[in-house]
Protein chains: 2
Amino acid sequence: MSAGPGPSTEAGWRRSALGPSRARIVDGFLAERQRVNRERTIPHGFDQLRRSGTLDNLRLAAGADGRYRAHADSAGATFPFLDSDVYKWLEAVGWELGRAPDPTLAAAADEAIGLVAAAQRPDGYLNSYVQVVRGGSPHTDLAWGHEFYCVGHLIQAAVAWHRALGDDRLLAVAVGAADRIDKEFGATGRDGVDGHPGIEMALVELTRVTGDGRYLALAARMLDLRGRGLLGEGRFGAAYWQDHQPVRQAATVAGHAVRQLYLDCGAVEVAVELGDQDLLAAVRRRWDDLARTRTYLTGGMGSRHRDESFGDPYELPPDRAYAETCASIAGVMLAWRLLLATGEAGYADAIERALYNGVLSGVSLSGTRFFYVNPLQRRTGRAWEPPGRGGRAPWYPCACCPPNLMRTLSSLERYLATSDHTGVQLHQYATADLHAPVPGGAVRLAVRTGYPWHGRVTVEVVETPEHPWTLSLRVPGWCRSATLSGPGEARPRPADAGRYAELSGRWKAGEVAVLDLELPVRVTEPDPRVDAVRGCVAVERGPLVYCLESADLPPGSRLEDLRWDPRREPAPVPRPDLGEAVVGITVPVVRRPAGGPATAGGADLTAGAVPYFAWANRGAEAMRVWIPR
Amino acid sequence: MSAGPGPSTEAGWRRSALGPSRARIVDGFLAERQRVNRERTIPHGFDQLRRSGTLDNLRLAAGADGRYRAHADSAGATFPFLDSDVYKWLEAVGWELGRAPDPTLAAAADEAIGLVAAAQRPDGYLNSYVQVVRGGSPHTDLAWGHEFYCVGHLIQAAVAWHRALGDDRLLAVAVGAADRIDKEFGATGRDGVDGHPGIEMALVELTRVTGDGRYLALAARMLDLRGRGLLGEGRFGAAYWQDHQPVRQAATVAGHAVRQLYLDCGAVEVAVELGDQDLLAAVRRRWDDLARTRTYLTGGMGSRHRDESFGDPYELPPDRAYAETCASIAGVMLAWRLLLATGEAGYADAIERALYNGVLSGVSLSGTRFFYVNPLQRRTGRAWEPPGRGGRAPWYPCACCPPNLMRTLSSLERYLATSDHTGVQLHQYATADLHAPVPGGAVRLAVRTGYPWHGRVTVEVVETPEHPWTLSLRVPGWCRSATLSGPGEARPRPADAGRYAELSGRWKAGEVAVLDLELPVRVTEPDPRVDAVRGCVAVERGPLVYCLESADLPPGSRLEDLRWDPRREPAPVPRPDLGEAVVGITVPVVRRPAGGPATAGGADLTAGAVPYFAWANRGAEAMRVWIPR
């Protein structure tokens with residue numbers, strides 16, 4: 001256990017995270033997404049937190065007069081977790097300010113931090129909903145109250161400010177809030193778990209940052225208390241909030257997707273920190289089943305709308321995909337922890353798939369419009385919607401996804417690389433500068449690439465110790481041909497898809513390794529057990545899943561009338577209209593209206609497929625990933 | 001307008017309903033379902049109304065002490081509409097006692113009627129939830145309160161007791177309750193509509209029974225007030241409770257399926273009684289769209305779980321089909337009204353499809369276990385469920401479906417036949433005795449048939465006036481070959497599928513008409529626009545949709561590994577294990593496990609398909625209607 005930058009091999013992790021300031025994305029695709037996030041999305045978020053009353057709720061908790069805005073619907077359901085949106089936004093700002101100063105952002109964050117600190121009670125308790133609406137009695141509704149959940153996000157924000165800036169204002173608040181919980185629910189206290197997991201992983205981080213093992217112990221205790229019926233059945237059954245089976249026993253994922261994935265993030269953290277192999281094995285077993293049977297091509301997870309839950313195995317409807325943006329993010333978070341715990345490339349593949357598809361689809365190219373739900377199909381004709389509805393929204397009454405996107409994009413660097421006793425591992429490819437400990441010292445690497453549009457990745461060794469070390473580069477699972485070349489003394493070991501290619505030896509500053517990944521257009525058949533897309537194919541290129549959208553169809557066509565034409569080949573095509581360097585795909589189609597003649601229209605019809613993450617930026621009309629043959 | 005047995009041609013309806021006692025099912029398939037309903041389901045229902053506290057709730061409203069049981073879940077949602085379950089049960093008992101006495105049933109009904117009467121306030125108001133839980137202030141939450149909805153079911157029960165038994169105890173209560181509503185919401189009163197339609201059709205019936213036109217006017221007013229934003233957006237949007245567009249304007253069905261269908265039942269009643277052709281045309285337009293784009297093969301309607309709503313056009317997932325039993329029943333109710341209004345055979349086809357499939361699937365063969373939701377596919381592997389869950393249930397916290405099934409099965413006779421100025425029309429085939437007005441007098445007919453297992457229907461004319469009249473017999477839309485023969489003087493006019501074959505002329509007592517419908521096994525292709533079942537076929541015979549169920553697979557097979565074998569033919573086979581005369585179908589299949597060899601297992605594998613209504617009577621394991629090719 002250390003007060004270091006995050007999970008490290010000292011504590012039994014196979015790979016060490018680099019921590020902030022040791023990785024920086026400097027150009028290219030992900031840099032642009034980060035720029036938009038910093039310049040557009042995060043300021044927009046502050047504006048929305050003001051307008052929605054979420055910031056004012058904290059002001060009320062601090063003693064101001066006014067009406068609490070819990071966004072109750074007319075059925076009486078209210079949202080008691082809105083504080084967490086402030087914390088997620090603050091986490092994002094912490095990472096941003098650590099990368100570069102911004103007086104406007106800093107002032108906004110100072111206001112929010114001041115409100116958070118002022119709202120906290122002297123005993124450490126902090127939850128504006130309970131303090132203002134529920135008469136200030138803590139922990140009377142653990143099932144629906146989200147009190148621990150909110151503190152979990154508070155801790156994560158505090159950790160970001162501590163690590164990125166050495167600013168511990170939030171950490172003081174978070175420690176007070178965590179201590180208040182530990183006092184009531186710790187080793188000798190009440191048995192209690194939150195209806196929405198999430199605090200567990202945060203508590204482990206709090207132990208890392210403070211060196212105080214109580215928080216890790218509390219996280220472990222909260223994991224052990226699951227599956228004992230503490231929360232009851234509720235509206236959706238005990239699986240909804242992960243109280244249906246003990247964490248070590250549940251064989252498959254179940255219930256509300258984000259709850260399950262956040263819980264398993266905490267379980268990995270606790271398992272590795274405490275050396276609990278059974279617990280880690282339980283999470284890996286669930287992940288394997290999830291990845292094989294319940295994950296969309298886009299990395300989306302949790303197919304059901306009703307209770308935001310995982311469905312049956314292979315129940316992956318494209319039209320009614322729920323695939324909440326937060327669930328894709330949670331999938332990335334869990335895969336990242338499993339990658340650190342095991343070093344296996346498959347987890348980095350999963351991060352890539354989700355990140356480039358089901359996560360990025362959650363925010364518009366402009367950065368200020370969001371999707372909560374990420375279907376893989378939208379029809380031309382649809383169920384009745386109020387005018388203006390159905391597209392991306394500037395905010396949501398339950399606004400969990402937008403600030404979750406903000407903090408994810410602000411801390412994308414963490415996913416690029418790790419280090420261990422052999423050297424440095426590159427997991428995700430972006431033009432980036434890296435600084436990593438290796439045997440005998442530390443290296444500085446300059447990674448340059450046009451990824452995901454181009455498959456070449458060059459890694460220049462800028463500084464290196466004399467001691468030999470190994471550079472490992474992930475060959476993505478989708479890649480059928482990869483070549484790796486290195487400088488004189490480095491011995492390359494190529495790899496199959498889904499493993500790491502390696503260059504080992506002594507390095508000199510200025511030497512360059514080159515990885516070439518072939519990026520042909522791939523025509524993907526679905527697993528035959530996925531009933532909902534039988535008889536369809538999808539188009540992929542590199543890490544990107546593509547989709548057809550109304551705007552790119554042959555004139556006069558409805559998306560529902562087009563079929564894949566297997567006699568011709570799809571081909572890449574530049575799409576500067578969607579962004580610099582963007583590659584689209586030209587898809588051969590035939591027009592076959594239902595009830596009409598077998599084939600109509602010209603023999604050479606094509607439709608333009610765009611990356612899934614870029615859909616619904618030209619209106620939100622019909623779209624589909626899976627194309628009928 | 002008359003105080004007669006129901007809609008009649010005097011008021012502009014094309015066909016007249018026969019009314020109770022004029023039709024009686026005496027043997028065969030539907031008679032057996034009615035017997036089980038009377039002997040098992042209805043007594044079971046009374047027992048459940050007692051155990052669940054629903055009857056006691058009325059006792060509390062009448063002044064007794066105790067705790068109201070609104071079946072609140074831990075999220076705070078409560079069910080304010082439980083009184084309606086008592087009313088639906090009473091409606092069923094009314095029809096049953098009209099058919100034949102039963103002292104035990106009569107005593108139970110007397111107890112329930114006594115409780116209902118005692119619970120009513122002196123001002124006519126009656127709703128146990130409001131009286132006991134909400135402090136007795138009526139109509140403060142029209143959106144969610146279901147107060148008019150409950151009175152609607154009270155009226156329907158009162159009408160049943162009036163028509164079937166001439167017993168007006170409930171009618172006195174219903175008139176008081178309706179008058180209380182009319183006083184507050186009538187012509188010169190408040191504008192108000194219920195979040196759950198249903199009272200509208202009942203009010204029209206109350207005018208028929210009492211001759212008092214105020215109720216019809218109130219129903220018309222309630223229809224006119226829809227789409228003006230009186231209910232707000234709520235959790236699911238204004239379409240959920242039919243307040244999104246005016247009833248005359250909405251082009252398609254939308255929102256909660258049962259709410260839409262009940263509303264349109266009321267709209268047809270009002271339209272025909274008031275001669276409002278625009279209103280009738282609006283309902284027909286919505287029905288046409290619904291039948292074409294949003295109805296399952298089983299007649300199920302409303303595909304979405306989240307808000308029990310209609311989905312997009314052609315959004316008909318078999319696994320996540322919601323297809324609530326009540327929605328299938330509501331579809332029958334609406335098709336029946338449209339059949340009376342127009343005389344078109346397609347509506348009788350729709351009644352048949354829903355009744356024999358998506359309605360009857362809602363109750364077990366034993367009569368005491370129910371399905372609320374009626375999917376067309378259930379997988380071998382499923383999302384986690386608590387032990388013992390997932391099959392049919394003896395009752396539900398929201399118990400709308402079981403008593404809705406009871407009243408539907410108790411009044412099945414109404415759907416068999418109608419009369420008009422030309423003669424008698426037979427719409428549904430069952431062994432039944434009919435007594436119908438015709439030109440020049442009345443006829444008695446003895447219909448004899450082994451339907452739906454056999455396709456022959458004989459109609460013996462037992463009594464007839466001398467005046468010529470026409471016997472019309474529906475040729476179902478699914479029937480590719482039908483022959484009609486009659487006695488000497490009757491001139492037969494055969495018909496295509498989906499129309500009425502006719503025999504016109506003078507009749508003599510003892511003469512027999514014979515309709516022969518061919519019943520081959522049909523292999524049905526889905527509409528290519530239904531994405532979810534692309535590449536599959538279904539098996540049908542007569543009015544019945546079939547399904548494969550785990551219990552009938554080749555040894556060692558999983559349902560997911562079987563594919564339709566197009567080289568061989570399906571064939572009918574007796575299934576006495578599922579009931580007298582039941583016909584199953586032998587389906588040729590090949591075994592093709594995902595990831596396994598292209599074809600495995602013997603060349604002559606077959607699986608046994610059973611009628612969909614009979615599934616889940618031998619456990620609720622895997623099932624599917626649509627079979628991959």
# chains A, B, ... in the order shown; residues from 1 in each chain; ligands from 1

$ select_by_dssp --residues "region 162-339 of chain A" --states "helix (DSSP H, G or I)" --output "ChimeraX atom specification"
/A:162-165,169-185,199-210,214-224,238-241,257-274,277-293,325-339

$ select_by_dssp --residues "region 281-476 of chain B" --states "strand (DSSP E)" --output "MDAnalysis selection string"
chainID B and resid 377:378 417:419 423:426 431:438 441:449 456:463 469:475

$ interface_residues --of "chain A" --to "chain B" --cutoff "6 Å" --atoms "only C-alpha atoms" --output "mmCIF file with N, CA and C atoms, in the first residue's frame"
data_model
loop_
_atom_site.group_PDB
_atom_site.id
_atom_site.type_symbol
_atom_site.label_atom_id
_atom_site.label_comp_id
_atom_site.auth_asym_id
_atom_site.auth_seq_id
_atom_site.Cartn_x
_atom_site.Cartn_y
_atom_site.Cartn_z
ATOM 1 N N ASP A 73 -40.675 13.540 -10.493
ATOM 2 C CA ASP A 73 -41.691 13.429 -11.530
ATOM 3 C C ASP A 73 -43.042 13.356 -10.832
ATOM 4 N N SER A 74 -44.111 13.376 -11.640
ATOM 5 C CA SER A 74 -45.430 13.492 -11.031
ATOM 6 C C SER A 74 -45.870 12.193 -10.372
ATOM 7 N N GLY A 234 -37.389 -4.713 -3.175
ATOM 8 C CA GLY A 234 -37.638 -3.497 -3.938
ATOM 9 C C GLY A 234 -38.542 -3.736 -5.131
ATOM 10 N N ARG A 235 -38.541 -2.785 -6.008
ATOM 11 C CA ARG A 235 -39.434 -2.853 -7.159
ATOM 12 C C ARG A 235 -38.950 -3.855 -8.191
ATOM 13 N N ALA A 254 -25.751 -9.561 -13.072
ATOM 14 C CA ALA A 254 -27.208 -9.539 -12.902
ATOM 15 C C ALA A 254 -27.633 -8.153 -12.459
ATOM 16 N N HIS A 305 -34.425 -1.725 -20.836
ATOM 17 C CA HIS A 305 -34.863 -0.396 -20.415
ATOM 18 C C HIS A 305 -35.525 -0.409 -19.051
ATOM 19 N N ARG A 306 -36.350 -1.400 -18.799
ATOM 20 C CA ARG A 306 -37.240 -1.331 -17.635
ATOM 21 C C ARG A 306 -36.476 -1.062 -16.350
ATOM 22 N N GLY A 311 -29.736 -8.348 -19.680
ATOM 23 C CA GLY A 311 -30.791 -9.266 -20.089
ATOM 24 C C GLY A 311 -30.338 -10.705 -19.984
ATOM 25 N N ASP A 312 -31.065 -11.571 -20.671
ATOM 26 C CA ASP A 312 -30.649 -12.964 -20.788
ATOM 27 C C ASP A 312 -29.357 -13.015 -21.604
ATOM 28 N N ARG A 382 -41.349 5.813 -36.096
ATOM 29 C CA ARG A 382 -41.127 5.553 -34.674
ATOM 30 C C ARG A 382 -42.399 5.746 -33.863
ATOM 31 N N ALA A 383 -42.337 5.248 -32.653
ATOM 32 C CA ALA A 383 -43.425 5.506 -31.712
ATOM 33 C C ALA A 383 -43.558 7.012 -31.517
ATOM 34 N N TRP A 384 -44.758 7.433 -31.173
ATOM 35 C CA TRP A 384 -45.035 8.862 -31.017
ATOM 36 C C TRP A 384 -44.085 9.487 -30.001
ATOM 37 N N ALA A 532 -31.627 -11.293 -32.175
ATOM 38 C CA ALA A 532 -32.179 -10.022 -32.658
ATOM 39 C C ALA A 532 -31.504 -9.506 -33.922
#

$ residues_around --residues "region 507-517 of chain A" --least-positions-apart "6" --cutoff "7 Å" --atoms "only C-alpha atoms" --output "VMD selection string"
chain A and resid 455 to 464 466 468 479 481 to 487

$ residues_around --residues "Thr325 (chain B)" --least-positions-apart "2" --cutoff "12 Å" --atoms "only C-alpha atoms" --output "PyMOL selection string"
chain B and resi 257-258+298-303+308+321-323+327-332+354-355+357-363+370-375+399-406+408+613

$ residues_around --residues "region 414-430 of chain B" --least-positions-apart "6" --cutoff "6 Å" --atoms "only C-alpha atoms" --output "MDAnalysis selection string"
chainID B and resid 15:18 348 438 469:474

$ write_last_selection --atoms "all heavy atoms" --output "tab-separated table (two decimals), in the first residue's frame"
chain	number	residue	atom	x	y	z
B	15	ARG	N	-74.08	-4.19	-36.77
B	15	ARG	CA	-74.51	-5.49	-36.28
B	15	ARG	C	-74.99	-5.33	-34.85
B	15	ARG	O	-74.49	-4.47	-34.12
B	15	ARG	CB	-73.33	-6.48	-36.28
B	15	ARG	CG	-72.64	-6.66	-37.64
B	15	ARG	CD	-73.45	-7.50	-38.60
B	15	ARG	NE	-72.72	-7.66	-39.87
B	15	ARG	CZ	-72.89	-6.88	-40.95
B	15	ARG	NH1	-73.77	-5.88	-40.91
B	15	ARG	NH2	-72.20	-7.11	-42.03
B	16	SER	N	-75.93	-6.16	-34.45
B	16	SER	CA	-76.40	-6.13	-33.07
B	16	SER	C	-75.80	-7.29	-32.29
B	16	SER	O	-75.78	-8.43	-32.77
B	16	SER	CB	-77.92	-6.27	-33.02
B	16	SER	OG	-78.54	-5.13	-33.54
B	17	ALA	N	-75.36	-6.98	-31.09
B	17	ALA	CA	-74.94	-8.04	-30.18
B	17	ALA	C	-76.17	-8.82	-29.74
B	17	ALA	O	-77.28	-8.30	-29.72
B	17	ALA	CB	-74.24	-7.43	-28.98
B	18	LEU	N	-75.95	-10.09	-29.40
B	18	LEU	CA	-77.11	-10.92	-29.06
B	18	LEU	C	-77.54	-10.74	-27.60
B	18	LEU	O	-78.70	-10.97	-27.27
B	18	LEU	CB	-76.81	-12.40	-29.31
B	18	LEU	CG	-76.59	-12.78	-30.77
B	18	LEU	CD1	-76.54	-14.30	-30.89
B	18	LEU	CD2	-77.68	-12.21	-31.67
B	348	ALA	N	-63.22	-9.69	-36.77
B	348	ALA	CA	-63.47	-11.00	-36.16
B	348	ALA	C	-62.21	-11.87	-36.26
B	348	ALA	O	-61.91	-12.65	-35.35
B	348	ALA	CB	-64.65	-11.68	-36.84
B	438	VAL	N	-84.18	-12.26	-36.48
B	438	VAL	CA	-83.94	-12.17	-37.93
B	438	VAL	C	-85.18	-11.54	-38.54
B	438	VAL	O	-86.20	-11.40	-37.86
B	438	VAL	CB	-83.68	-13.56	-38.57
B	438	VAL	CG1	-82.36	-14.14	-38.08
B	438	VAL	CG2	-84.83	-14.49	-38.31
B	469	TRP	N	-84.04	-15.30	-44.77
B	469	TRP	CA	-82.95	-14.60	-44.08
B	469	TRP	C	-81.62	-15.21	-44.49
B	469	TRP	O	-81.57	-16.26	-45.12
B	469	TRP	CB	-83.12	-14.60	-42.57
B	469	TRP	CG	-83.26	-15.98	-41.94
B	469	TRP	CD1	-84.41	-16.70	-41.82
B	469	TRP	CD2	-82.20	-16.78	-41.40
B	469	TRP	NE1	-84.16	-17.91	-41.23
B	469	TRP	CE2	-82.81	-17.98	-40.96
B	469	TRP	CE3	-80.84	-16.60	-41.24
B	469	TRP	CZ2	-82.07	-19.01	-40.37
B	469	TRP	CZ3	-80.10	-17.62	-40.64
B	469	TRP	CH2	-80.72	-18.81	-40.21
B	470	THR	N	-80.57	-14.53	-44.13
B	470	THR	CA	-79.23	-14.93	-44.56
B	470	THR	C	-78.40	-15.39	-43.37
B	470	THR	O	-78.32	-14.70	-42.35
B	470	THR	CB	-78.53	-13.75	-45.25
B	470	THR	OG1	-79.28	-13.38	-46.40
B	470	THR	CG2	-77.11	-14.13	-45.67
B	471	LEU	N	-77.81	-16.55	-43.54
B	471	LEU	CA	-76.83	-17.04	-42.57
B	471	LEU	C	-75.44	-16.72	-43.11
B	471	LEU	O	-75.08	-17.18	-44.20
B	471	LEU	CB	-76.99	-18.55	-42.38
B	471	LEU	CG	-75.95	-19.23	-41.47
B	471	LEU	CD1	-76.07	-18.75	-40.03
B	471	LEU	CD2	-76.12	-20.76	-41.53
B	472	SER	N	-74.68	-15.91	-42.37
B	472	SER	CA	-73.33	-15.53	-42.81
B	472	SER	C	-72.31	-16.21	-41.92
B	472	SER	O	-72.43	-16.20	-40.69
B	472	SER	CB	-73.14	-14.01	-42.73
B	472	SER	OG	-74.09	-13.35	-43.53
B	473	LEU	N	-71.32	-16.80	-42.54
B	473	LEU	CA	-70.29	-17.52	-41.78
B	473	LEU	C	-68.92	-16.99	-42.17
B	473	LEU	O	-68.55	-16.98	-43.34
B	473	LEU	CB	-70.37	-19.02	-42.08
B	473	LEU	CG	-71.69	-19.69	-41.68
B	473	LEU	CD1	-72.36	-20.29	-42.91
B	473	LEU	CD2	-71.46	-20.73	-40.61
B	474	ARG	N	-68.18	-16.57	-41.16
B	474	ARG	CA	-66.85	-16.01	-41.43
B	474	ARG	C	-65.90	-17.07	-41.98
B	474	ARG	O	-65.78	-18.16	-41.42
B	474	ARG	CB	-66.23	-15.41	-40.17
B	474	ARG	CG	-64.84	-14.80	-40.41
B	474	ARG	CD	-64.29	-14.15	-39.15
B	474	ARG	NE	-64.16	-15.11	-38.07
B	474	ARG	CZ	-63.01	-15.71	-37.74
B	474	ARG	NH1	-61.88	-15.43	-38.38
B	474	ARG	NH2	-62.99	-16.59	-36.75
